[in-house]
Amino acid sequence: MIDEPMPDKPMYDEWLASRRIAEVPDDLTDRVIAAVEKRVVQQIIMFALRMVLTNRNLPA
Amino acid sequence: MASEDHVIALVLAGDTDKLRKLVEQFHRPVFRFAHNLISDEHDAEDITQEVFLAAFNHLASYRSVRASFQTWLFTIARNRCVNYLKRKRPLIDRDVITSTQHTANSDEPGRSEFWICLDKALDALPIEQKTAFVLAEIEGLPYADIARIEQTTLGTVKSQNSPRMKQHLRDAMERSLGEKK
């Protein structure tokens, strides 16, 4: 990608390396999964509600 | 590809263990990408969460023949980050950003200044160039994947974005070196 040699290339590489290190918060995985699971539960509830309402509107 | 498809099919069928594995496998690159783009750790966490929620909502529409799962996630993350930057960018004080990011690990004063200079140069790039730079140089993605994520052509990624970004950063570095001499 680099067309010309970068000035002070080692420091540039160190800077890139520093940006490749992601200090990911420990609980992020749990939070993401909890959010997705909450959304799944919401979808199930909405689906169940729609089913109930649909059945209620059906002729006896 | 086939194994990704299999895992995704299991997640769609309600396998929460596979969901956890999917999140564990990809949350780090998504967070890193968002953090490098928006420079705010807490907002990067929120965006990571939003990316997985959006991905889950549209998981049934994912097709591995079009792109890898990571590329697909990065496309969602990229769009979220661009929207965030468009909303927030005029309000961001760049000096505050550069003083809080990526400088803590630099123990030499010269290097610290140099990194701050590069942080500023990266932050000053137009959003499209910044995302392309982060994807190419930090995430190490091939141009073809970047073109998919940026929803542009391979030629655009090759001929317009990267050389300009390189030049911009090179100029910033040369300025920094000139000031140190």
# chains A, B, ... in the order shown; residues from 1 in each chain; ligands from 1
$ residues_around --residues "Val7 (chain B)" --least-positions-apart "3" --cutoff "10 Å" --atoms "only C-alpha atoms" --output "PDB file with N, CA and C atoms, in the first residue's frame"
ATOM      1  N   MET B   1     -16.410 -20.861   5.368  1.00  0.00           N
ATOM      2  CA  MET B   1     -17.725 -20.430   4.889  1.00  0.00           C
ATOM      3  C   MET B   1     -18.804 -21.412   5.316  1.00  0.00           C
ATOM      4  N   ALA B   2     -18.529 -22.698   5.027  1.00  0.00           N
ATOM      5  CA  ALA B   2     -19.533 -23.712   5.344  1.00  0.00           C
ATOM      6  C   ALA B   2     -19.758 -23.792   6.841  1.00  0.00           C
ATOM      7  N   SER B   3     -18.644 -23.700   7.611  1.00  0.00           N
ATOM      8  CA  SER B   3     -18.797 -23.788   9.061  1.00  0.00           C
ATOM      9  C   SER B   3     -19.521 -22.555   9.605  1.00  0.00           C
ATOM     10  N   GLU B   4     -19.228 -21.366   9.004  1.00  0.00           N
ATOM     11  CA  GLU B   4     -19.942 -20.151   9.411  1.00  0.00           C
ATOM     12  C   GLU B   4     -21.438 -20.304   9.161  1.00  0.00           C
ATOM     13  N   LEU B  10     -27.506 -22.649  13.262  1.00  0.00           N
ATOM     14  CA  LEU B  10     -27.784 -23.093  14.630  1.00  0.00           C
ATOM     15  C   LEU B  10     -28.237 -21.919  15.507  1.00  0.00           C
ATOM     16  N   VAL B  11     -27.614 -20.762  15.315  1.00  0.00           N
ATOM     17  CA  VAL B  11     -28.025 -19.566  16.088  1.00  0.00           C
ATOM     18  C   VAL B  11     -29.477 -19.220  15.753  1.00  0.00           C
ATOM     19  N   LEU B  12     -29.788 -19.267  14.463  1.00  0.00           N
ATOM     20  CA  LEU B  12     -31.168 -18.956  14.042  1.00  0.00           C
ATOM     21  C   LEU B  12     -32.164 -19.965  14.598  1.00  0.00           C
ATOM     22  N   ALA B  13     -31.674 -21.169  14.849  1.00  0.00           N
ATOM     23  CA  ALA B  13     -32.556 -22.203  15.414  1.00  0.00           C
ATOM     24  C   ALA B  13     -32.662 -22.075  16.940  1.00  0.00           C
ATOM     25  N   ASP B  15     -29.829 -21.756  19.191  1.00  0.00           N
ATOM     26  CA  ASP B  15     -28.692 -22.294  19.944  1.00  0.00           C
ATOM     27  C   ASP B  15     -27.919 -21.133  20.594  1.00  0.00           C
ATOM     28  N   ASP B  17     -25.548 -21.252  22.852  1.00  0.00           N
ATOM     29  CA  ASP B  17     -24.105 -21.496  22.967  1.00  0.00           C
ATOM     30  C   ASP B  17     -23.374 -21.020  21.709  1.00  0.00           C
ATOM     31  N   LYS B  18     -23.982 -21.288  20.571  1.00  0.00           N
ATOM     32  CA  LYS B  18     -23.373 -20.857  19.302  1.00  0.00           C
ATOM     33  C   LYS B  18     -23.424 -19.333  19.176  1.00  0.00           C
ATOM     34  N   LEU B  19     -24.502 -18.750  19.692  1.00  0.00           N
ATOM     35  CA  LEU B  19     -24.601 -17.286  19.688  1.00  0.00           C
ATOM     36  C   LEU B  19     -23.442 -16.692  20.486  1.00  0.00           C
ATOM     37  N   LYS B  21     -20.575 -18.074  21.109  1.00  0.00           N
ATOM     38  CA  LYS B  21     -19.314 -18.294  20.388  1.00  0.00           C
ATOM     39  C   LYS B  21     -19.141 -17.274  19.271  1.00  0.00           C
ATOM     40  N   LEU B  22     -20.238 -16.991  18.601  1.00  0.00           N
ATOM     41  CA  LEU B  22     -20.199 -16.009  17.516  1.00  0.00           C
ATOM     42  C   LEU B  22     -19.811 -14.622  18.059  1.00  0.00           C
TER      43      LEU B  22
END
$ closest_atom_pairs --of "chain B" --to "chain A" --cutoff "6 Å" --atoms "only C-alpha atoms" --output "tab-separated table"
residue	atom	partner	partner_atom	distance
B:Arg32	CA	A:Ala22	CA	5.2
B:Gln49	CA	A:Val32	CA	5.1
B:Leu53	CA	A:Val36	CA	5.6
B:Ile138	CA	A:Arg20	CA	5.8
$ write_last_selection --atoms "all heavy atoms" --output "JSON list (two decimals), in the first residue's frame"
[["chain", "number", "residue", "atom", "x", "y", "z"],
["B", 32, "ARG", "N", -12.74, -2.96, 18.25],
["B", 32, "ARG", "CA", -11.48, -2.28, 17.88],
["B", 32, "ARG", "C", -11.72, -1.35, 16.69],
["B", 32, "ARG", "O", -11.27, -0.20, 16.68],
["B", 32, "ARG", "CB", -10.44, -3.34, 17.54],
["B", 32, "ARG", "CG", -9.06, -2.78, 17.20],
["B", 32, "ARG", "CD", -8.07, -3.89, 16.95],
["B", 32, "ARG", "NE", -8.55, -4.79, 15.91],
["B", 32, "ARG", "CZ", -8.33, -6.11, 15.91],
["B", 32, "ARG", "NH1", -7.66, -6.68, 16.88],
["B", 32, "ARG", "NH2", -8.78, -6.85, 14.92],
["B", 49, "GLN", "N", -22.46, -3.22, 20.63],
["B", 49, "GLN", "CA", -23.73, -3.85, 21.04],
["B", 49, "GLN", "C", -24.79, -3.69, 19.95],
["B", 49, "GLN", "O", -25.48, -4.65, 19.60],
["B", 49, "GLN", "CB", -24.19, -3.21, 22.35],
["B", 49, "GLN", "CG", -25.20, -4.03, 23.11],
["B", 49, "GLN", "CD", -25.31, -3.55, 24.55],
["B", 49, "GLN", "OE1", -24.31, -3.43, 25.24],
["B", 49, "GLN", "NE2", -26.51, -3.27, 25.00],
["B", 53, "LEU", "N", -26.82, -6.53, 17.69],
["B", 53, "LEU", "CA", -28.29, -6.55, 17.68],
["B", 53, "LEU", "C", -28.82, -6.47, 16.25],
["B", 53, "LEU", "O", -29.71, -7.23, 15.86],
["B", 53, "LEU", "CB", -28.84, -5.36, 18.49],
["B", 53, "LEU", "CG", -29.00, -5.58, 19.99],
["B", 53, "LEU", "CD1", -29.42, -4.29, 20.66],
["B", 53, "LEU", "CD2", -30.01, -6.67, 20.29],
["B", 138, "ILE", "N", -5.03, -1.01, 9.88],
["B", 138, "ILE", "CA", -5.14, -1.51, 11.25],
["B", 138, "ILE", "C", -5.77, -2.89, 11.27],
["B", 138, "ILE", "O", -5.27, -3.80, 11.93],
["B", 138, "ILE", "CB", -5.90, -0.50, 12.14],
["B", 138, "ILE", "CG1", -5.10, 0.82, 12.18],
["B", 138, "ILE", "CG2", -6.11, -1.05, 13.55],
["B", 138, "ILE", "CD1", -5.78, 1.97, 12.84]]
$ atom_distance --atom1 "CA of Ala132 (chain B)" --atom2 "CA of Lys158 (chain B)"
10.0 Å
$ residues_around --residues "Tyr62 (chain B)" --least-positions-apart "4" --cutoff "12 Å" --atoms "only C-alpha atoms" --output "list in words"
Met1, Glu4, Asp5, Ile8, Ala9, Leu12, Ala54, Ala55, Phe56, Asn57, His58, Arg66, Ala67, Ser68, Phe69, Gln70, Thr71, Trp72, Leu73, Thr75 and Ile76 of chain B
$ closest_residue --among "B:Gly14, B:Val65, B:His42, B:Phe74" --to "His27 (chain B)" --atoms "only C-alpha atoms"
B:Phe74
$ closest_residue --among "B:His6, B:Thr156, B:Asp46, B:Leu141" --to "Ser64 (chain B)" --atoms "only C-alpha atoms"
B:His6
$ select_by_dssp --residues "chain A" --states "helix (DSSP H, G or I)" --output "ChimeraX atom specification"
/A:9-20,28-57
